[in-house]
file start-v9.pdb (PDB, C-alpha atoms)
ATOM      1  CA  GLY G 242      -0.229 -16.095  -9.281  1.00  0.00           C
ATOM      2  CA  ALA G 243      -0.952 -12.337  -9.439  1.00  0.00           C
ATOM      3  CA  VAL G 244       2.629 -11.137  -9.240  1.00  0.00           C
ATOM      4  CA  VAL G 245       3.655  -7.534  -9.759  1.00  0.00           C
ATOM      5  CA  SER G 246       7.242  -6.559 -10.400  1.00  0.00           C
ATOM      6  CA  GLN G 247       9.028  -3.232 -10.308  1.00  0.00           C
ATOM      7  CA  HIS G 248      12.259  -2.165 -11.931  1.00  0.00           C
ATOM      8  CA  PRO G 249      14.649  -0.956 -10.773  1.00  0.00           C
ATOM      9  CA  SER G 250      14.469  -1.965  -7.126  1.00  0.00           C
ATOM     10  CA  ARG G 251      16.898   0.757  -6.177  1.00  0.00           C
ATOM     11  CA  VAL G 252      18.188   3.819  -8.001  1.00  0.00           C
ATOM     12  CA  ILE G 253      20.513   6.656  -7.098  1.00  0.00           C
ATOM     13  CA  CYS G 254      20.610   9.699  -9.327  1.00  0.00           C
ATOM     14  CA  LYS G 255      21.935  13.221  -9.404  1.00  0.00           C
ATOM     15  CA  SER G 256      19.705  16.193  -8.777  1.00  0.00           C
ATOM     16  CA  GLY G 257      18.101  17.449 -11.993  1.00  0.00           C
ATOM     17  CA  THR G 258      18.026  14.130 -13.792  1.00  0.00           C
ATOM     18  CA  SER G 259      14.934  12.090 -14.650  1.00  0.00           C
ATOM     19  CA  VAL G 260      14.262   8.582 -13.450  1.00  0.00           C
ATOM     20  CA  LYS G 261      11.856   6.035 -14.904  1.00  0.00           C
ATOM     21  CA  ILE G 262      10.330   3.284 -12.787  1.00  0.00           C
ATOM     22  CA  GLU G 263       8.511   0.362 -14.384  1.00  0.00           C
ATOM     23  CA  CYS G 264       5.621  -1.589 -12.920  1.00  0.00           C
ATOM     24  CA  ARG G 265       4.615  -4.868 -14.554  1.00  0.00           C
ATOM     25  CA  SER G 266       1.849  -7.341 -13.889  1.00  0.00           C
ATOM     26  CA  LEU G 267       3.512 -10.642 -14.708  1.00  0.00           C
ATOM     27  CA  ASP G 268       0.662 -13.108 -14.977  1.00  0.00           C
ATOM     28  CA  PHE G 269      -2.453 -11.048 -15.362  1.00  0.00           C
ATOM     29  CA  GLN G 270      -3.672  -8.022 -17.233  1.00  0.00           C
ATOM     30  CA  ALA G 271      -4.336  -4.813 -15.379  1.00  0.00           C
ATOM     31  CA  THR G 272      -6.335  -1.988 -16.858  1.00  0.00           C
ATOM     32  CA  THR G 273      -5.756  -0.036 -13.669  1.00  0.00           C
ATOM     33  CA  MET G 274      -2.538   0.426 -11.748  1.00  0.00           C
ATOM     34  CA  PHE G 275      -1.775   2.707  -8.853  1.00  0.00           C
ATOM     35  CA  TRP G 276       1.347   4.566  -7.803  1.00  0.00           C
ATOM     36  CA  TYR G 277       2.152   5.264  -4.153  1.00  0.00           C
ATOM     37  CA  ARG G 278       4.934   7.070  -2.350  1.00  0.00           C
ATOM     38  CA  GLN G 279       6.108   6.139   1.111  1.00  0.00           C
ATOM     39  CA  PHE G 280       8.471   8.160   3.278  1.00  0.00           C
ATOM     40  CA  PRO G 281      10.401   6.429   6.087  1.00  0.00           C
ATOM     41  CA  LYS G 282       8.231   5.234   8.955  1.00  0.00           C
ATOM     42  CA  GLN G 283       5.107   6.621   7.298  1.00  0.00           C
ATOM     43  CA  SER G 284       2.135   5.186   5.515  1.00  0.00           C
ATOM     44  CA  LEU G 285       1.569   4.817   1.792  1.00  0.00           C
ATOM     45  CA  MET G 286       0.245   7.899   0.056  1.00  0.00           C
ATOM     46  CA  LEU G 287      -1.579   7.428  -3.232  1.00  0.00           C
ATOM     47  CA  MET G 288      -0.068   9.584  -5.962  1.00  0.00           C
ATOM     48  CA  ALA G 289      -2.090   8.661  -9.005  1.00  0.00           C
ATOM     49  CA  THR G 290      -4.276   6.120 -10.727  1.00  0.00           C
ATOM     50  CA  SER G 291      -2.910   4.838 -14.008  1.00  0.00           C
ATOM     51  CA  ASN G 292      -5.446   3.752 -16.606  1.00  0.00           C
ATOM     52  CA  GLU G 293      -4.461   1.775 -19.677  1.00  0.00           C
ATOM     53  CA  GLY G 294      -4.924   3.799 -22.803  1.00  0.00           C
ATOM     54  CA  SER G 295      -5.900   7.027 -21.084  1.00  0.00           C
ATOM     55  CA  LYS G 296      -4.473   9.769 -18.933  1.00  0.00           C
ATOM     56  CA  ALA G 297      -3.608   9.126 -15.346  1.00  0.00           C
ATOM     57  CA  THR G 298      -5.674  10.612 -12.554  1.00  0.00           C
ATOM     58  CA  TYR G 299      -3.542  12.428 -10.013  1.00  0.00           C
ATOM     59  CA  GLU G 300      -4.310  12.968  -6.365  1.00  0.00           C
ATOM     60  CA  GLN G 301      -4.534  16.478  -5.009  1.00  0.00           C
ATOM     61  CA  GLY G 302      -1.124  18.024  -4.501  1.00  0.00           C
ATOM     62  CA  VAL G 303       0.722  15.691  -6.861  1.00  0.00           C
ATOM     63  CA  GLU G 304       2.310  17.515  -9.807  1.00  0.00           C
ATOM     64  CA  LYS G 305       1.417  15.702 -13.008  1.00  0.00           C
ATOM     65  CA  ASP G 306       4.220  17.378 -14.956  1.00  0.00           C
ATOM     66  CA  LYS G 307       6.770  16.198 -12.440  1.00  0.00           C
ATOM     67  CA  PHE G 308       5.492  12.651 -12.060  1.00  0.00           C
ATOM     68  CA  LEU G 309       4.736  11.439 -15.561  1.00  0.00           C
ATOM     69  CA  ILE G 310       2.717   8.259 -15.797  1.00  0.00           C
ATOM     70  CA  ASN G 311       2.306   6.146 -18.895  1.00  0.00           C
ATOM     71  CA  HIS G 312       0.165   3.014 -19.028  1.00  0.00           C
ATOM     72  CA  ALA G 313       0.823   1.894 -22.560  1.00  0.00           C
ATOM     73  CA  SER G 314      -0.176  -1.742 -22.235  1.00  0.00           C
ATOM     74  CA  LEU G 315      -2.263  -3.989 -20.039  1.00  0.00           C
ATOM     75  CA  THR G 316       0.815  -5.206 -18.191  1.00  0.00           C
ATOM     76  CA  LEU G 317       3.029  -2.134 -17.916  1.00  0.00           C
ATOM     77  CA  SER G 318       2.820   1.251 -16.275  1.00  0.00           C
ATOM     78  CA  THR G 319       5.760   3.607 -15.916  1.00  0.00           C
ATOM     79  CA  LEU G 320       6.379   6.477 -13.535  1.00  0.00           C
ATOM     80  CA  THR G 321       8.968   9.049 -14.556  1.00  0.00           C
ATOM     81  CA  VAL G 322      10.212  11.443 -11.923  1.00  0.00           C
ATOM     82  CA  THR G 323      11.368  14.441 -13.940  1.00  0.00           C
ATOM     83  CA  SER G 324      14.089  16.822 -12.776  1.00  0.00           C
ATOM     84  CA  ALA G 325      14.428  14.916  -9.543  1.00  0.00           C
ATOM     85  CA  HIS G 326      15.496  16.714  -6.372  1.00  0.00           C
ATOM     86  CA  PRO G 327      16.550  15.393  -2.978  1.00  0.00           C
ATOM     87  CA  GLU G 328      13.040  15.882  -1.594  1.00  0.00           C
ATOM     88  CA  ASP G 329      11.800  13.367  -4.169  1.00  0.00           C
ATOM     89  CA  SER G 330      13.852  10.674  -2.471  1.00  0.00           C
ATOM     90  CA  SER G 331      11.354   8.092  -1.305  1.00  0.00           C
ATOM     91  CA  PHE G 332      10.082   4.553  -1.658  1.00  0.00           C
ATOM     92  CA  TYR G 333       7.795   4.307  -4.684  1.00  0.00           C
ATOM     93  CA  ILE G 334       5.355   1.409  -4.796  1.00  0.00           C
ATOM     94  CA  CYS G 335       2.965   0.401  -7.529  1.00  0.00           C
ATOM     95  CA  SER G 336      -0.042  -1.861  -7.407  1.00  0.00           C
ATOM     96  CA  ALA G 337      -2.142  -3.474 -10.085  1.00  0.00           C
ATOM     97  CA  ARG G 338      -5.791  -4.339  -9.882  1.00  0.00           C
ATOM     98  CA  GLY G 339      -6.047  -7.997 -10.716  1.00  0.00           C
ATOM     99  CA  PRO G 340      -8.324 -10.996 -10.321  1.00  0.00           C
ATOM    100  CA  GLY G 341     -11.266 -10.365  -8.030  1.00  0.00           C
ATOM    101  CA  ASN G 342     -10.521  -6.644  -8.183  1.00  0.00           C
ATOM    102  CA  THR G 343      -7.826  -7.180  -5.568  1.00  0.00           C
ATOM    103  CA  GLN G 344      -4.821  -4.867  -5.617  1.00  0.00           C
ATOM    104  CA  TYR G 345      -1.502  -6.640  -5.860  1.00  0.00           C
ATOM    105  CA  PHE G 346       1.538  -4.650  -4.828  1.00  0.00           C
ATOM    106  CA  GLY G 347       4.986  -4.516  -6.320  1.00  0.00           C
ATOM    107  CA  PRO G 348       8.137  -4.790  -4.206  1.00  0.00           C
ATOM    108  CA  GLY G 349       8.841  -1.067  -4.375  1.00  0.00           C
ATOM    109  CA  THR G 350      11.626   1.113  -5.762  1.00  0.00           C
ATOM    110  CA  ARG G 351      13.959   3.033  -3.491  1.00  0.00           C
ATOM    111  CA  LEU G 352      14.869   6.363  -5.099  1.00  0.00           C
ATOM    112  CA  THR G 353      17.723   8.401  -3.708  1.00  0.00           C
ATOM    113  CA  VAL G 354      18.439  11.780  -5.264  1.00  0.00           C
ATOM    114  CA  LEU G 355      21.819  13.258  -4.431  1.00  0.00           C
TER     115      LEU G 355
ATOM    116  CA  GLY U1347      -8.803   7.895   6.574  1.00  0.00           C
ATOM    117  CA  GLU U1348      -5.924   9.725   4.977  1.00  0.00           C
ATOM    118  CA  SER U1349      -2.571   9.124   6.571  1.00  0.00           C
ATOM    119  CA  VAL U1350      -1.302  12.236   8.240  1.00  0.00           C
ATOM    120  CA  GLY U1351       2.341  11.258   8.198  1.00  0.00           C
ATOM    121  CA  LEU U1352       2.755  10.502  11.896  1.00  0.00           C
ATOM    122  CA  HIS U1353       5.428   8.154  13.138  1.00  0.00           C
ATOM    123  CA  LEU U1354       4.136   4.627  13.444  1.00  0.00           C
ATOM    124  CA  PRO U1355       2.955   3.363  16.846  1.00  0.00           C
ATOM    125  CA  THR U1356       4.596   0.166  18.054  1.00  0.00           C
ATOM    126  CA  LEU U1357       3.076  -2.949  19.574  1.00  0.00           C
ATOM    127  CA  SER U1358       5.510  -5.238  21.343  1.00  0.00           C
ATOM    128  CA  VAL U1359       4.418  -8.792  22.179  1.00  0.00           C
ATOM    129  CA  GLN U1360       5.997 -11.970  23.429  1.00  0.00           C
ATOM    130  CA  GLU U1361       6.342 -14.852  21.009  1.00  0.00           C
ATOM    131  CA  GLY U1362       3.351 -17.142  21.354  1.00  0.00           C
ATOM    132  CA  ASP U1363       1.011 -14.459  22.645  1.00  0.00           C
ATOM    133  CA  ASN U1364      -1.905 -13.114  20.669  1.00  0.00           C
ATOM    134  CA  SER U1365      -1.619  -9.696  19.022  1.00  0.00           C
ATOM    135  CA  ILE U1366      -4.368  -7.195  18.388  1.00  0.00           C
ATOM    136  CA  ILE U1367      -3.738  -4.323  16.016  1.00  0.00           C
ATOM    137  CA  ASN U1368      -6.349  -1.602  15.753  1.00  0.00           C
ATOM    138  CA  CYS U1369      -7.323   0.827  13.047  1.00  0.00           C
ATOM    139  CA  ALA U1370      -9.844   3.636  12.885  1.00  0.00           C
ATOM    140  CA  TYR U1371     -11.240   4.599   9.521  1.00  0.00           C
ATOM    141  CA  SER U1372     -12.924   7.831   8.639  1.00  0.00           C
ATOM    142  CA  ASN U1373     -15.094   7.294   5.574  1.00  0.00           C
ATOM    143  CA  SER U1374     -18.577   6.007   6.362  1.00  0.00           C
ATOM    144  CA  ALA U1375     -18.996   5.109   2.705  1.00  0.00           C
ATOM    145  CA  SER U1376     -16.098   2.650   2.749  1.00  0.00           C
ATOM    146  CA  ASP U1377     -17.376  -0.866   2.215  1.00  0.00           C
ATOM    147  CA  TYR U1378     -14.250  -2.923   1.750  1.00  0.00           C
ATOM    148  CA  PHE U1379     -11.312  -3.179   4.111  1.00  0.00           C
ATOM    149  CA  ILE U1380      -7.957  -4.886   3.834  1.00  0.00           C
ATOM    150  CA  TRP U1381      -5.071  -5.579   6.163  1.00  0.00           C
ATOM    151  CA  TYR U1382      -1.561  -5.532   4.734  1.00  0.00           C
ATOM    152  CA  LYS U1383       1.774  -6.589   6.187  1.00  0.00           C
ATOM    153  CA  GLN U1384       4.879  -4.723   5.098  1.00  0.00           C
ATOM    154  CA  GLU U1385       8.361  -5.923   5.895  1.00  0.00           C
ATOM    155  CA  SER U1386      11.277  -3.544   5.756  1.00  0.00           C
ATOM    156  CA  GLY U1387      12.164  -2.518   2.211  1.00  0.00           C
ATOM    157  CA  LYS U1388       9.329  -4.482   0.630  1.00  0.00           C
ATOM    158  CA  GLY U1389       5.892  -3.802  -0.769  1.00  0.00           C
ATOM    159  CA  PRO U1390       2.690  -4.471   1.186  1.00  0.00           C
ATOM    160  CA  GLN U1391       1.522  -8.054   1.356  1.00  0.00           C
ATOM    161  CA  PHE U1392      -2.187  -8.924   1.512  1.00  0.00           C
ATOM    162  CA  ILE U1393      -3.227 -10.608   4.758  1.00  0.00           C
ATOM    163  CA  ILE U1394      -6.991 -10.625   4.954  1.00  0.00           C
ATOM    164  CA  ASP U1395      -9.961  -8.584   3.842  1.00  0.00           C
ATOM    165  CA  ILE U1396     -13.539  -7.999   4.908  1.00  0.00           C
ATOM    166  CA  ARG U1397     -16.589  -6.430   3.354  1.00  0.00           C
ATOM    167  CA  SER U1398     -18.937  -4.133   5.199  1.00  0.00           C
ATOM    168  CA  ASN U1399     -21.733  -6.709   5.260  1.00  0.00           C
ATOM    169  CA  MET U1400     -19.639  -8.811   7.641  1.00  0.00           C
ATOM    170  CA  ASP U1401     -18.471  -8.271  11.227  1.00  0.00           C
ATOM    171  CA  LYS U1402     -15.802 -10.913  11.378  1.00  0.00           C
ATOM    172  CA  ARG U1403     -13.666 -12.948   9.057  1.00  0.00           C
ATOM    173  CA  GLN U1404     -11.117 -15.578   9.903  1.00  0.00           C
ATOM    174  CA  GLY U1405      -8.053 -16.749   8.091  1.00  0.00           C
ATOM    175  CA  GLN U1406      -5.123 -18.866   9.081  1.00  0.00           C
ATOM    176  CA  ARG U1407      -4.027 -17.503  12.496  1.00  0.00           C
ATOM    177  CA  VAL U1408      -5.597 -14.144  11.668  1.00  0.00           C
ATOM    178  CA  THR U1409      -9.013 -12.683  12.335  1.00  0.00           C
ATOM    179  CA  VAL U1410     -10.363  -9.329  11.220  1.00  0.00           C
ATOM    180  CA  LEU U1411     -13.170  -7.644  13.122  1.00  0.00           C
ATOM    181  CA  LEU U1412     -15.190  -4.762  11.756  1.00  0.00           C
ATOM    182  CA  ASN U1413     -17.289  -2.415  13.858  1.00  0.00           C
ATOM    183  CA  LYS U1414     -19.088  -0.065  11.510  1.00  0.00           C
ATOM    184  CA  THR U1415     -20.831   1.780  14.319  1.00  0.00           C
ATOM    185  CA  VAL U1416     -17.593   3.251  15.586  1.00  0.00           C
ATOM    186  CA  LYS U1417     -15.680   2.853  12.313  1.00  0.00           C
ATOM    187  CA  HIS U1418     -13.129   0.534  13.819  1.00  0.00           C
ATOM    188  CA  LEU U1419     -11.189  -2.357  12.377  1.00  0.00           C
ATOM    189  CA  SER U1420      -8.928  -4.776  14.174  1.00  0.00           C
ATOM    190  CA  LEU U1421      -6.522  -7.527  13.202  1.00  0.00           C
ATOM    191  CA  GLN U1422      -5.940 -10.365  15.612  1.00  0.00           C
ATOM    192  CA  ILE U1423      -2.935 -12.608  15.169  1.00  0.00           C
ATOM    193  CA  ALA U1424      -2.946 -15.821  17.145  1.00  0.00           C
ATOM    194  CA  ALA U1425       0.243 -17.328  18.560  1.00  0.00           C
ATOM    195  CA  THR U1426       2.428 -14.524  17.255  1.00  0.00           C
ATOM    196  CA  GLN U1427       5.718 -15.633  15.757  1.00  0.00           C
ATOM    197  CA  PRO U1428       8.984 -13.747  15.114  1.00  0.00           C
ATOM    198  CA  GLY U1429       8.181 -13.829  11.403  1.00  0.00           C
ATOM    199  CA  ASP U1430       5.113 -11.726  12.109  1.00  0.00           C
ATOM    200  CA  SER U1431       7.325  -8.762  12.985  1.00  0.00           C
ATOM    201  CA  ALA U1432       6.508  -6.076  10.428  1.00  0.00           C
ATOM    202  CA  VAL U1433       4.431  -2.962   9.894  1.00  0.00           C
ATOM    203  CA  TYR U1434       0.710  -3.588   9.534  1.00  0.00           C
ATOM    204  CA  PHE U1435      -1.581  -1.258   7.616  1.00  0.00           C
ATOM    205  CA  CYS U1436      -5.314  -1.212   7.262  1.00  0.00           C
ATOM    206  CA  ALA U1437      -6.734   0.129   4.031  1.00  0.00           C
ATOM    207  CA  GLU U1438     -10.242   1.144   3.063  1.00  0.00           C
ATOM    208  CA  THR U1439     -12.077   1.696  -0.173  1.00  0.00           C
ATOM    209  CA  SER U1440     -15.599   2.036  -1.455  1.00  0.00           C
ATOM    210  CA  SER U1441     -17.306   0.505  -4.443  1.00  0.00           C
ATOM    211  CA  GLY U1442     -17.736   3.828  -6.090  1.00  0.00           C
ATOM    212  CA  ASN U1443     -14.151   4.895  -5.579  1.00  0.00           C
ATOM    213  CA  THR U1444     -12.557   3.352  -8.677  1.00  0.00           C
ATOM    214  CA  GLY U1445     -10.641   0.999  -6.435  1.00  0.00           C
ATOM    215  CA  LYS U1446      -8.522   3.659  -4.726  1.00  0.00           C
ATOM    216  CA  LEU U1447      -7.194   2.486  -1.397  1.00  0.00           C
ATOM    217  CA  ILE U1448      -6.752   4.840   1.514  1.00  0.00           C
ATOM    218  CA  PHE U1449      -4.144   3.542   3.924  1.00  0.00           C
ATOM    219  CA  GLY U1450      -4.220   3.989   7.655  1.00  0.00           C
ATOM    220  CA  GLN U1451      -1.323   5.137   9.763  1.00  0.00           C
ATOM    221  CA  GLY U1452       0.201   1.706  10.321  1.00  0.00           C
ATOM    222  CA  THR U1453       1.430  -0.140  13.397  1.00  0.00           C
ATOM    223  CA  THR U1454       4.823  -1.695  13.929  1.00  0.00           C
ATOM    224  CA  LEU U1455       4.586  -5.153  15.486  1.00  0.00           C
ATOM    225  CA  GLN U1456       7.676  -6.324  17.360  1.00  0.00           C
ATOM    226  CA  VAL U1457       7.737  -9.939  18.493  1.00  0.00           C
ATOM    227  CA  LYS U1458      10.110 -10.720  21.328  1.00  0.00           C
ATOM    228  CA  PRO U1459      11.511 -14.257  21.396  1.00  0.00           C
TER     229      PRO U1459
END
call {"tool": "encode", "arguments": {"input": "start-v9.pdb", "output": "structure tokens"}}
result
Amino acid sequence: GAVVSQHPSRVICKSGTSVKIECRSLDFQATTMFWYRQFPKQSLMLMATSNEGSKATYEQGVEKDKFLINHASLTLSTLTVTSAHPEDSSFYICSARGPGNTQYFGPGTRLTVL
Amino acid sequence: GESVGLHLPTLSVQEGDNSIINCAYSNSASDYFIWYKQESGKGPQFIIDIRSNMDKRQGQRVTVLLNKTVKHLSLQIAATQPGDSAVYFCAETSSGNTGKLIFGQGTTLQVKP
């Protein structure tokens, strides 16, 4: 149980386009989800906390207008990278707070911006 | 504490040996700690956790030790296997922190056959 999925697993886009990444909790409801970014050979950096039915809380230095987060239901949060540029290329990982308040992580989405 | 973006240190061990991976945390208020395993191109996978009211917790082939005095956490893997090769991260959080996890730097574990 407690499975989190992400879609797509990999995406390549042109500079200036927007990309939407979905995070779903498959067998539990999650009022809180988290979005992380991970550069190669580095640790996970928390970008924002996504709360169902309310605005996301962004970490310092993360542009909320560039990384749009929507948590419209108890099983889905989306991250939209707007006007993507090559420096946005990264591995984006979501997690959902599930049973026992444990965070369950998705498999990640590899974004490459050309 | 907050990851500072350094390249990951590497621990190389022989198959069958025990591995010890260390982590220093920075927030004295943290009261819950988790070890994650991350294989290449995948999301982190929960290994074991420990609360601050404990010093030691054992799982299957893994043991986590917590030393709050020096803010140090370690993960011991017994009889390391090739399938244990991955990057290992510690993460910390506090009860009053809305569940936000702060990840440590990470350590790459390489198991030699």
call {"tool": "closest_atom_pairs", "arguments": {"input": "start-v9.pdb", "of": "chain G", "to": "chain U", "cutoff": "12 Å", "atoms": "all atoms listed in the file", "output": "Markdown table"}}
result
| residue | atom | partner | partner_atom | distance |
| --- | --- | --- | --- | --- |
| G:Ala243 | CA | U:Phe1392 | CA | 11.5 |
| G:Val244 | CA | U:Gln1391 | CA | 11.1 |
| G:Val245 | CA | U:Gly1389 | CA | 10.0 |
| G:Ser246 | CA | U:Gly1389 | CA | 10.1 |
| G:Gln247 | CA | U:Gly1389 | CA | 10.1 |
| G:Ser250 | CA | U:Gly1387 | CA | 9.6 |
| G:Arg251 | CA | U:Gly1387 | CA | 10.2 |
| G:Thr272 | CA | U:Thr1444 | CA | 11.6 |
| G:Thr273 | CA | U:Gly1445 | CA | 8.8 |
| G:Met274 | CA | U:Gly1445 | CA | 9.7 |
| G:Phe275 | CA | U:Lys1446 | CA | 8.0 |
| G:Trp276 | CA | U:Lys1446 | CA | 10.4 |
| G:Tyr277 | CA | U:Leu1447 | CA | 10.1 |
| G:Arg278 | CA | U:Gly1389 | CA | 11.0 |
| G:Gln279 | CA | U:Gly1351 | CA | 9.5 |
| G:Phe280 | CA | U:Gly1351 | CA | 8.4 |
| G:Pro281 | CA | U:His1353 | CA | 8.8 |
| G:Lys282 | CA | U:His1353 | CA | 5.8 |
| G:Gln283 | CA | U:Gly1351 | CA | 5.5 |
| G:Ser284 | CA | U:Gln1451 | CA | 5.5 |
| G:Leu285 | CA | U:Phe1449 | CA | 6.2 |
| G:Met286 | CA | U:Ser1349 | CA | 7.2 |
| G:Leu287 | CA | U:Ile1448 | CA | 7.5 |
| G:Met288 | CA | U:Lys1446 | CA | 10.4 |
| G:Ala289 | CA | U:Lys1446 | CA | 9.2 |
| G:Thr290 | CA | U:Lys1446 | CA | 7.8 |
| G:Ser291 | CA | U:Lys1446 | CA | 10.9 |
| G:Asn292 | CA | U:Thr1444 | CA | 10.7 |
| G:Thr298 | CA | U:Thr1444 | CA | 10.7 |
| G:Tyr299 | CA | U:Lys1446 | CA | 11.4 |
| G:Glu300 | CA | U:Lys1446 | CA | 10.3 |
| G:Ser331 | CA | U:Gly1387 | CA | 11.2 |
| G:Phe332 | CA | U:Gly1387 | CA | 8.3 |
| G:Tyr333 | CA | U:Gly1389 | CA | 9.2 |
| G:Ile334 | CA | U:Gly1389 | CA | 6.6 |
| G:Cys335 | CA | U:Gly1389 | CA | 8.5 |
| G:Ser336 | CA | U:Gly1389 | CA | 9.1 |
| G:Ala337 | CA | U:Gly1445 | CA | 10.3 |
| G:Arg338 | CA | U:Gly1445 | CA | 8.0 |
| G:Gly339 | CA | U:Gly1445 | CA | 11.0 |
| G:Gly341 | CA | U:Gly1445 | CA | 11.5 |
| G:Asn342 | CA | U:Gly1445 | CA | 7.8 |
| G:Thr343 | CA | U:Gly1445 | CA | 8.7 |
| G:Gln344 | CA | U:Gly1445 | CA | 8.3 |
| G:Tyr345 | CA | U:Phe1392 | CA | 7.7 |
| G:Phe346 | CA | U:Gly1389 | CA | 6.0 |
| G:Gly347 | CA | U:Gly1389 | CA | 5.7 |
| G:Pro348 | CA | U:Gly1389 | CA | 4.2 |
| G:Gly349 | CA | U:Gly1389 | CA | 5.4 |
| G:Thr350 | CA | U:Gly1387 | CA | 8.8 |
| G:Arg351 | CA | U:Gly1387 | CA | 8.2 |
| G:Leu352 | CA | U:Gly1387 | CA | 11.8 |
call {"tool": "write_last_selection", "arguments": {"input": "start-v9.pdb", "atoms": "C-alpha atoms", "output": "JSON list (two decimals), in the coordinates of the input"}}
result
[["chain", "number", "residue", "atom", "x", "y", "z"],
["G", 243, "ALA", "CA", -0.95, -12.34, -9.44],
["G", 244, "VAL", "CA", 2.63, -11.14, -9.24],
["G", 245, "VAL", "CA", 3.66, -7.53, -9.76],
["G", 246, "SER", "CA", 7.24, -6.56, -10.40],
["G", 247, "GLN", "CA", 9.03, -3.23, -10.31],
["G", 250, "SER", "CA", 14.47, -1.96, -7.13],
["G", 251, "ARG", "CA", 16.90, 0.76, -6.18],
["G", 272, "THR", "CA", -6.34, -1.99, -16.86],
["G", 273, "THR", "CA", -5.76, -0.04, -13.67],
["G", 274, "MET", "CA", -2.54, 0.43, -11.75],
["G", 275, "PHE", "CA", -1.78, 2.71, -8.85],
["G", 276, "TRP", "CA", 1.35, 4.57, -7.80],
["G", 277, "TYR", "CA", 2.15, 5.26, -4.15],
["G", 278, "ARG", "CA", 4.93, 7.07, -2.35],
["G", 279, "GLN", "CA", 6.11, 6.14, 1.11],
["G", 280, "PHE", "CA", 8.47, 8.16, 3.28],
["G", 281, "PRO", "CA", 10.40, 6.43, 6.09],
["G", 282, "LYS", "CA", 8.23, 5.23, 8.96],
["G", 283, "GLN", "CA", 5.11, 6.62, 7.30],
["G", 284, "SER", "CA", 2.13, 5.19, 5.52],
["G", 285, "LEU", "CA", 1.57, 4.82, 1.79],
["G", 286, "MET", "CA", 0.24, 7.90, 0.06],
["G", 287, "LEU", "CA", -1.58, 7.43, -3.23],
["G", 288, "MET", "CA", -0.07, 9.58, -5.96],
["G", 289, "ALA", "CA", -2.09, 8.66, -9.01],
["G", 290, "THR", "CA", -4.28, 6.12, -10.73],
["G", 291, "SER", "CA", -2.91, 4.84, -14.01],
["G", 292, "ASN", "CA", -5.45, 3.75, -16.61],
["G", 298, "THR", "CA", -5.67, 10.61, -12.55],
["G", 299, "TYR", "CA", -3.54, 12.43, -10.01],
["G", 300, "GLU", "CA", -4.31, 12.97, -6.36],
["G", 331, "SER", "CA", 11.35, 8.09, -1.30],
["G", 332, "PHE", "CA", 10.08, 4.55, -1.66],
["G", 333, "TYR", "CA", 7.80, 4.31, -4.68],
["G", 334, "ILE", "CA", 5.36, 1.41, -4.80],
["G", 335, "CYS", "CA", 2.96, 0.40, -7.53],
["G", 336, "SER", "CA", -0.04, -1.86, -7.41],
["G", 337, "ALA", "CA", -2.14, -3.47, -10.09],
["G", 338, "ARG", "CA", -5.79, -4.34, -9.88],
["G", 339, "GLY", "CA", -6.05, -8.00, -10.72],
["G", 341, "GLY", "CA", -11.27, -10.36, -8.03],
["G", 342, "ASN", "CA", -10.52, -6.64, -8.18],
["G", 343, "THR", "CA", -7.83, -7.18, -5.57],
["G", 344, "GLN", "CA", -4.82, -4.87, -5.62],
["G", 345, "TYR", "CA", -1.50, -6.64, -5.86],
["G", 346, "PHE", "CA", 1.54, -4.65, -4.83],
["G", 347, "GLY", "CA", 4.99, -4.52, -6.32],
["G", 348, "PRO", "CA", 8.14, -4.79, -4.21],
["G", 349, "GLY", "CA", 8.84, -1.07, -4.38],
["G", 350, "THR", "CA", 11.63, 1.11, -5.76],
["G", 351, "ARG", "CA", 13.96, 3.03, -3.49],
["G", 352, "LEU", "CA", 14.87, 6.36, -5.10]]
call {"tool": "residues_around", "arguments": {"input": "start-v9.pdb", "residues": "Ser1374 (chain U)", "least_positions_apart": "5", "cutoff": "12 Å", "atoms": "all atoms listed in the file", "output": "ChimeraX atom specification"}}
result
/U:1347,1379,1398,1413-1418,1438-1440
call {"tool": "atom_distance", "arguments": {"input": "start-v9.pdb", "atom1": "CA of Pro327 (chain G)", "atom2": "CA of Lys255 (chain G)"}}
result
8.7 Å
call {"tool": "atom_distance", "arguments": {"input": "start-v9.pdb", "atom1": "CA of Asp268 (chain G)", "atom2": "CA of Lys296 (chain G)"}}
result
23.8 Å
call {"tool": "closest_residue", "arguments": {"input": "start-v9.pdb", "among": "G:Ser318, G:Cys254, G:Pro340, G:Lys307", "to": "Ser295 (chain G)", "atoms": "only C-alpha atoms"}}
result
G:Ser318
call {"tool": "resolve_selection", "arguments": {"input": "start-v9.pdb", "expression": "the PyMOL selection byres ((chain G and resi 256) around 7)", "output": "PyMOL selection string"}}
result
chain G and resi 254-255+257-258+324-327+354-355
call {"tool": "axis_aligned_box", "arguments": {"input": "start-v9.pdb", "around": "region 1372-1386 of chain U", "padding_each_side": "6 Å", "output": "JSON"}}
result
{"center_x": -3.9, "center_y": 0.6, "center_z": 5.2, "size_x": 42.3, "size_y": 26.4, "size_z": 18.9}
call {"tool": "atom_distance", "arguments": {"input": "start-v9.pdb", "atom1": "CA of Leu320 (chain G)", "atom2": "CA of Ser266 (chain G)"}}
result
14.5 Å
call {"tool": "resolve_selection", "arguments": {"input": "start-v9.pdb", "expression": "the PyMOL selection byres ((chain U and resi 1360) around 10)", "output": "list in words"}}
result
Ser1358, Val1359, Glu1361, Gly1362, Asp1363, Asn1364, Ser1365, Ala1425, Thr1426, Gln1427, Pro1428, Gln1456, Val1457, Lys1458 and Pro1459 of chain U
call {"tool": "closest_residue", "arguments": {"input": "start-v9.pdb", "among": "G:Gln301, G:Glu293, G:Asp306, G:Val322", "to": "Ile262 (chain G)", "atoms": "only C-alpha atoms"}}
result
G:Val322
call {"tool": "closest_residue", "arguments": {"input": "start-v9.pdb", "among": "U:Lys1402, U:Arg1397, U:Arg1407, U:Lys1383", "to": "Ser1420 (chain U)", "atoms": "all atoms listed in the file"}}
result
U:Lys1402
